[in-house]
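As stored in input-v8.txt (compact mmCIF, C-alpha atoms):
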# COMPACT_ATOMS: atom_id res chain seq x y z
CA MET E 1 -127.99 -163.64 -208.72
CA ASN E 2 -126.80 -162.04 -205.49
CA LYS E 3 -124.31 -159.19 -205.29
CA LYS E 4 -121.44 -161.36 -204.04
CA ILE E 5 -121.63 -163.71 -207.03
CA LYS E 6 -121.80 -160.77 -209.44
CA VAL E 7 -118.65 -159.26 -207.91
CA MET E 8 -116.82 -162.59 -208.12
CA LEU E 9 -117.79 -163.03 -211.77
CA LEU E 10 -116.67 -159.49 -212.57
CA ILE E 11 -113.28 -160.03 -210.92
CA SER E 12 -112.87 -163.35 -212.74
CA THR E 13 -113.67 -161.72 -216.09
CA ILE E 14 -111.18 -158.90 -215.48
CA LEU E 15 -108.40 -161.30 -214.47
CA THR E 16 -109.03 -163.56 -217.45
CA GLY E 17 -109.04 -160.62 -219.83
CA THR E 18 -105.86 -159.18 -218.34
CA TRP E 19 -104.06 -162.51 -218.57
CA GLY E 20 -105.14 -162.95 -222.17
CA TYR E 21 -103.97 -159.46 -223.09
CA PHE E 22 -100.52 -159.90 -221.57
CA PHE E 23 -100.15 -163.38 -223.05
CA TRP E 24 -100.82 -161.94 -226.51
CA LYS E 25 -98.76 -158.79 -225.93
CA PHE E 26 -95.67 -160.62 -224.73
CA ARG E 27 -95.99 -163.94 -226.56
CA ASP E 28 -92.61 -163.35 -228.21
CA ILE E 29 -90.87 -162.02 -225.12
CA GLY E 30 -88.40 -164.89 -225.10
CA ASN E 31 -87.00 -163.47 -228.33
CA ILE E 32 -86.26 -159.99 -227.08
CA SER E 33 -83.30 -160.29 -224.72
CA VAL E 34 -80.21 -161.18 -226.74
CA THR E 35 -77.36 -159.41 -225.01
CA PRO E 36 -74.90 -161.62 -223.10
CA MET E 37 -76.43 -162.44 -219.71
CA TYR E 38 -74.66 -163.56 -216.60
CA VAL E 39 -75.90 -165.24 -213.46
CA GLN E 40 -77.11 -163.04 -210.68
CA ASN E 41 -75.26 -162.77 -207.41
CA ASP E 42 -76.69 -164.69 -204.47
CA GLN E 43 -75.71 -165.02 -200.84
CA ASN E 44 -72.11 -164.04 -200.04
CA SER E 45 -71.48 -162.90 -203.62
CA SER E 46 -70.77 -159.36 -202.51
CA SER E 47 -68.36 -160.48 -199.80
CA GLU E 48 -64.61 -160.26 -200.25
CA GLU E 49 -64.22 -163.67 -198.58
CA GLY E 50 -65.54 -167.14 -199.37
CA PRO E 51 -65.88 -169.01 -202.67
CA TYR E 52 -68.39 -166.48 -204.03
CA GLY E 53 -66.40 -163.38 -203.13
CA GLU E 54 -64.93 -161.30 -205.95
CA LYS E 55 -61.42 -161.14 -204.49
CA PHE E 56 -61.42 -164.85 -203.72
CA GLN E 57 -62.41 -165.78 -207.27
CA GLU E 58 -59.84 -163.47 -208.83
CA LYS E 59 -57.14 -165.10 -206.73
CA ILE E 60 -58.35 -168.62 -207.53
CA PHE E 61 -58.27 -168.06 -211.27
CA MET E 62 -54.77 -166.61 -211.08
CA GLU E 63 -53.47 -169.62 -209.17
CA ILE E 64 -55.50 -172.32 -210.90
CA LYS E 65 -53.60 -175.35 -212.20
CA GLY E 66 -54.39 -177.43 -215.27
CA LYS E 67 -55.05 -174.56 -217.68
CA GLU E 68 -52.69 -176.17 -220.16
CA LYS E 69 -55.12 -179.07 -220.67
CA LEU E 70 -57.86 -176.80 -221.99
CA PRO E 71 -58.34 -176.55 -225.78
CA LYS E 72 -57.01 -173.26 -227.17
CA PHE E 73 -58.58 -170.98 -229.77
CA GLU E 74 -55.41 -170.86 -231.85
CA ASP E 75 -55.43 -174.65 -232.24
CA PHE E 76 -58.70 -174.49 -234.17
CA PRO E 77 -58.27 -171.80 -236.82
CA ALA E 78 -61.22 -170.85 -239.02
CA THR E 79 -61.05 -172.28 -242.55
CA GLU E 80 -63.98 -170.49 -244.22
CA PHE E 81 -64.64 -166.77 -244.24
CA SER E 82 -67.41 -164.35 -245.16
CA ASN E 83 -67.71 -160.57 -245.24
CA ASN E 84 -71.50 -160.54 -245.42
CA LYS E 85 -72.81 -157.75 -243.20
CA ASN E 86 -76.45 -158.23 -244.13
CA ILE E 87 -77.23 -161.61 -242.59
CA VAL E 88 -80.72 -162.88 -243.40
CA VAL E 89 -81.78 -165.54 -240.90
CA ASP E 90 -83.50 -168.56 -242.45
CA ILE E 91 -86.03 -169.10 -239.65
CA ASN E 92 -87.42 -172.20 -241.36
CA SER E 93 -84.09 -174.02 -241.35
CA ASP E 94 -84.60 -175.23 -237.77
CA PRO E 95 -87.51 -175.14 -235.28
CA ILE E 96 -85.50 -172.90 -232.94
CA GLY E 97 -85.36 -170.37 -235.77
CA ARG E 98 -89.14 -169.99 -235.77
CA MET E 99 -89.36 -170.01 -231.99
CA TYR E 100 -86.74 -167.28 -231.44
CA ARG E 101 -86.76 -165.46 -234.75
CA THR E 102 -86.83 -162.00 -233.14
CA ALA E 103 -83.82 -162.73 -230.92
CA LEU E 104 -81.89 -164.27 -233.79
CA ARG E 105 -82.54 -161.46 -236.23
CA TYR E 106 -81.74 -158.77 -233.71
CA SER E 107 -78.60 -160.48 -232.46
CA VAL E 108 -76.97 -161.22 -235.80
CA GLY E 109 -77.83 -157.71 -236.96
CA ILE E 110 -76.01 -156.21 -233.98
CA ILE E 111 -73.16 -158.69 -233.50
CA GLY E 112 -72.48 -159.80 -237.05
CA ILE E 113 -69.90 -162.53 -237.67
CA ASN E 114 -68.23 -163.53 -234.43
CA PHE E 115 -67.38 -167.21 -234.86
CA ALA E 116 -65.45 -169.55 -237.17
CA GLY E 117 -64.97 -167.06 -239.98
CA LYS E 118 -68.54 -166.96 -241.29
CA TYR E 119 -70.97 -167.53 -238.43
CA SER E 120 -72.84 -165.46 -235.86
CA VAL E 121 -73.52 -166.92 -232.42
CA ALA E 122 -76.70 -165.51 -230.89
CA GLN E 123 -77.68 -165.76 -227.23
CA TRP E 124 -80.82 -164.96 -225.25
CA GLY E 125 -82.09 -165.47 -221.72
CA CYS E 126 -84.25 -168.42 -220.69
CA GLY E 127 -84.31 -167.68 -216.96
CA SER E 128 -82.36 -165.88 -214.25
CA THR E 129 -79.48 -168.38 -214.48
CA CYS E 130 -80.10 -169.74 -217.96
CA GLN E 131 -79.15 -168.80 -221.49
CA ASP E 132 -79.90 -170.46 -224.80
CA GLY E 133 -78.49 -169.73 -228.22
CA ALA E 134 -77.88 -170.71 -231.81
CA ILE E 135 -75.33 -170.41 -234.61
CA VAL E 136 -76.31 -168.68 -237.86
CA ASP E 137 -74.46 -169.10 -241.15
CA ALA E 138 -73.80 -165.59 -242.47
CA ASP E 139 -74.08 -166.67 -246.12
CA THR E 140 -77.04 -169.06 -246.07
CA GLY E 141 -78.84 -167.91 -242.92
CA HIS E 142 -79.10 -171.52 -241.74
CA VAL E 143 -79.73 -171.84 -237.99
CA TYR E 144 -77.95 -174.43 -235.85
CA PRO E 145 -79.11 -174.65 -232.20
CA LEU E 146 -76.47 -174.82 -229.50
CA PRO E 147 -76.35 -178.32 -228.00
CA SER E 148 -76.91 -177.33 -224.38
CA LEU E 149 -78.10 -174.48 -222.20
CA MET E 150 -75.65 -172.17 -220.44
CA VAL E 151 -75.31 -170.39 -217.11
CA THR E 152 -72.40 -168.01 -217.88
CA GLY E 153 -72.85 -167.56 -221.62
CA PHE E 154 -70.26 -168.45 -224.22
CA GLU E 155 -66.88 -167.40 -225.56
CA ALA E 156 -66.08 -167.48 -229.27
CA ARG E 157 -63.74 -165.77 -231.72
CA LYS E 158 -64.16 -164.82 -235.33
CA ASP E 159 -60.90 -166.48 -236.37
CA SER E 160 -61.45 -169.78 -234.52
CA ARG E 161 -63.69 -172.86 -234.72
CA LEU E 162 -63.56 -173.31 -230.94
CA LEU E 163 -66.64 -172.40 -228.89
CA ILE E 164 -66.74 -172.47 -225.08
CA GLN E 165 -69.96 -172.71 -223.12
CA ASN E 166 -69.86 -171.51 -219.51
CA PRO E 167 -66.39 -169.95 -219.50
CA PRO E 168 -65.26 -168.93 -215.99
CA ILE E 169 -66.27 -165.41 -215.03
CA MET E 170 -65.26 -163.33 -212.05
CA LYS E 171 -66.82 -160.79 -209.65
CA GLY E 172 -68.44 -163.41 -207.45
CA ASN E 173 -70.74 -164.69 -210.22
CA TRP E 174 -68.97 -167.96 -210.94
CA ARG E 175 -69.87 -171.24 -209.18
CA ASP E 176 -67.64 -174.28 -208.81
CA TRP E 177 -70.29 -176.65 -210.16
CA TYR E 178 -70.42 -174.88 -213.54
CA GLN E 179 -69.22 -177.15 -216.31
CA MET E 180 -67.10 -175.61 -219.05
CA ARG E 181 -67.96 -177.27 -222.35
CA TYR E 182 -65.47 -177.01 -225.22
CA TRP E 183 -66.73 -177.56 -228.76
CA GLU E 184 -65.16 -177.68 -232.22
CA TRP E 185 -67.25 -176.49 -235.17
CA THR E 186 -67.10 -179.03 -238.02
CA GLY E 187 -69.03 -176.99 -240.57
CA LYS E 188 -72.42 -178.54 -239.84
CA SER E 189 -72.37 -179.25 -236.12
CA LEU E 190 -70.40 -178.90 -232.89
CA LYS E 191 -68.10 -181.73 -231.83
CA LEU E 192 -67.56 -182.04 -228.08
CA LEU E 193 -63.88 -181.81 -227.17
CA GLY E 194 -64.22 -182.02 -223.41
CA VAL E 195 -66.13 -180.99 -220.31
CA TYR E 196 -64.21 -179.40 -217.44
CA LYS E 197 -64.83 -177.86 -214.03
CA VAL E 198 -62.74 -176.21 -211.36
CA ASP E 199 -61.95 -178.11 -208.16
CA LEU E 200 -61.79 -175.27 -205.65
CA ALA E 201 -60.24 -177.43 -202.94
CA LYS E 202 -57.32 -178.43 -205.18
CA LYS E 203 -57.33 -175.17 -207.16
CA GLU E 204 -57.19 -177.30 -210.26
CA ILE E 205 -59.13 -177.73 -213.50
CA ILE E 206 -60.39 -181.30 -213.87
CA GLU E 207 -61.99 -183.08 -216.81
CA VAL E 208 -65.39 -184.57 -216.01
CA GLU E 209 -66.23 -186.07 -219.41
structure tokens encoding of this file:
Amino acid sequence: MNKKIKVMLLISTILTGTWGYFFWKFRDIGNISVTPMYVQNDQNSSSEEGPYGEKFQEKIFMEIKGKEKLPKFEDFPATEFSNNKNIVVDINSDPIGRMYRTALRYSVGIIGINFAGKYSVAQWGCGSTCQDGAIVDADTGHVYPLPSLMVTGFEARKDSRLLIQNPPIMKGNWRDWYQMRYWEWTGKSLKLLGVYKVDLAKKEIIEVE
């Protein structure tokens, strides 16, 4: 075996070993990041002008029409309540529980009950402009996956059964193609109330589903 082949085999062995080590070391890395994540700025996002400028977006959301058509938190009051501060996640209640058990356990331990009186909504990153999440029952630990991925996170309140995916955010991070999904918690699942987006040209919220 000549020297060149030996060197190539050595490099191949090192690379394979390194990849295997990092794959094992970070096999659960998708479970670690659970803090609310927002999309990263891209071109023109730091500018004061244009649709992705901070000042422009602040002005748009102040002038936007059609806000009255959006479901309101106070119209969906919570009906069940829990004071459990020691939430034990039942990771076997849904496949997403086993897949993201670290994220779920960490999130509910930090956030506690933040939705519909007795639930904790957890969120973790699945890419630079992607978040996933699940709802955990504070009393039973049952895990309910969120029905769709998000790009600007979610908004929820402890005293309401309304959950919003992709609520508008400012500071140049929001994009006009983002769809705001409004859901009502029924006790076992989320019922879709409507899907909306902002028409920047008309400065108006429109319903797309």
Could you list, with a cut-off of 8 Å and counting only C-alpha atoms, the residues of region 161-180 of chain E near region 106-116 of chain E, each shown with its nearest atom pair and the distance in Å rounded to one decimal, rows sorted by chain and ascending number, as CSV?
residue,atom,partner,partner_atom,distance
E:Arg161,CA,E:Ala116,CA,4.5
E:Leu162,CA,E:Ala116,CA,7.5
E:Leu163,CA,E:Phe115,CA,7.9
Nearest-residue call for Cys126 (chain E), choices E:Glu209, E:Asp176, E:Ala103, E:Gly53, using all atoms listed in the file: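 Ranking E:Glu209, E:Asp176, E:Ala103, E:Gly53 by distance to Cys126 (chain E), first place goes to E:Ala103.
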Nearby residues (all atoms listed in the file) at most 12 Å from region 73-76 of chain E, same-chain spacing under 5 positions excluded, as a list of chain:residue names: E:Phe115, E:Ala116, E:Gly117, E:Glu155, E:Ala156, E:Arg157, E:Lys158, E:Asp159, E:Ser160, E:Arg161, E:Leu162, E:Leu163, E:Ile164, E:Tyr182, E:Trp183, E:Glu184, E:Trp185, E:Thr186, E:Leu193
Pick from E:Lys118, E:Trp177, E:Ser189, E:Pro167 nearest to Pro145 (chain E), counting all atoms listed in the file: E:Ser189
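With only C-alpha atoms as the atoms that count, the residue of E:Ala138, E:Met62, E:Leu200, E:Val89 with the shortest distance to Arg101 (chain E) is E:Val89.
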Given only C-alpha atoms as the counted atoms, nearest of E:Arg105, E:Lys188, E:Lys59, E:Arg175 to Asn86 (chain E):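 That would be E:Arg105, the residue with the smallest distance to Asn86 (chain E).
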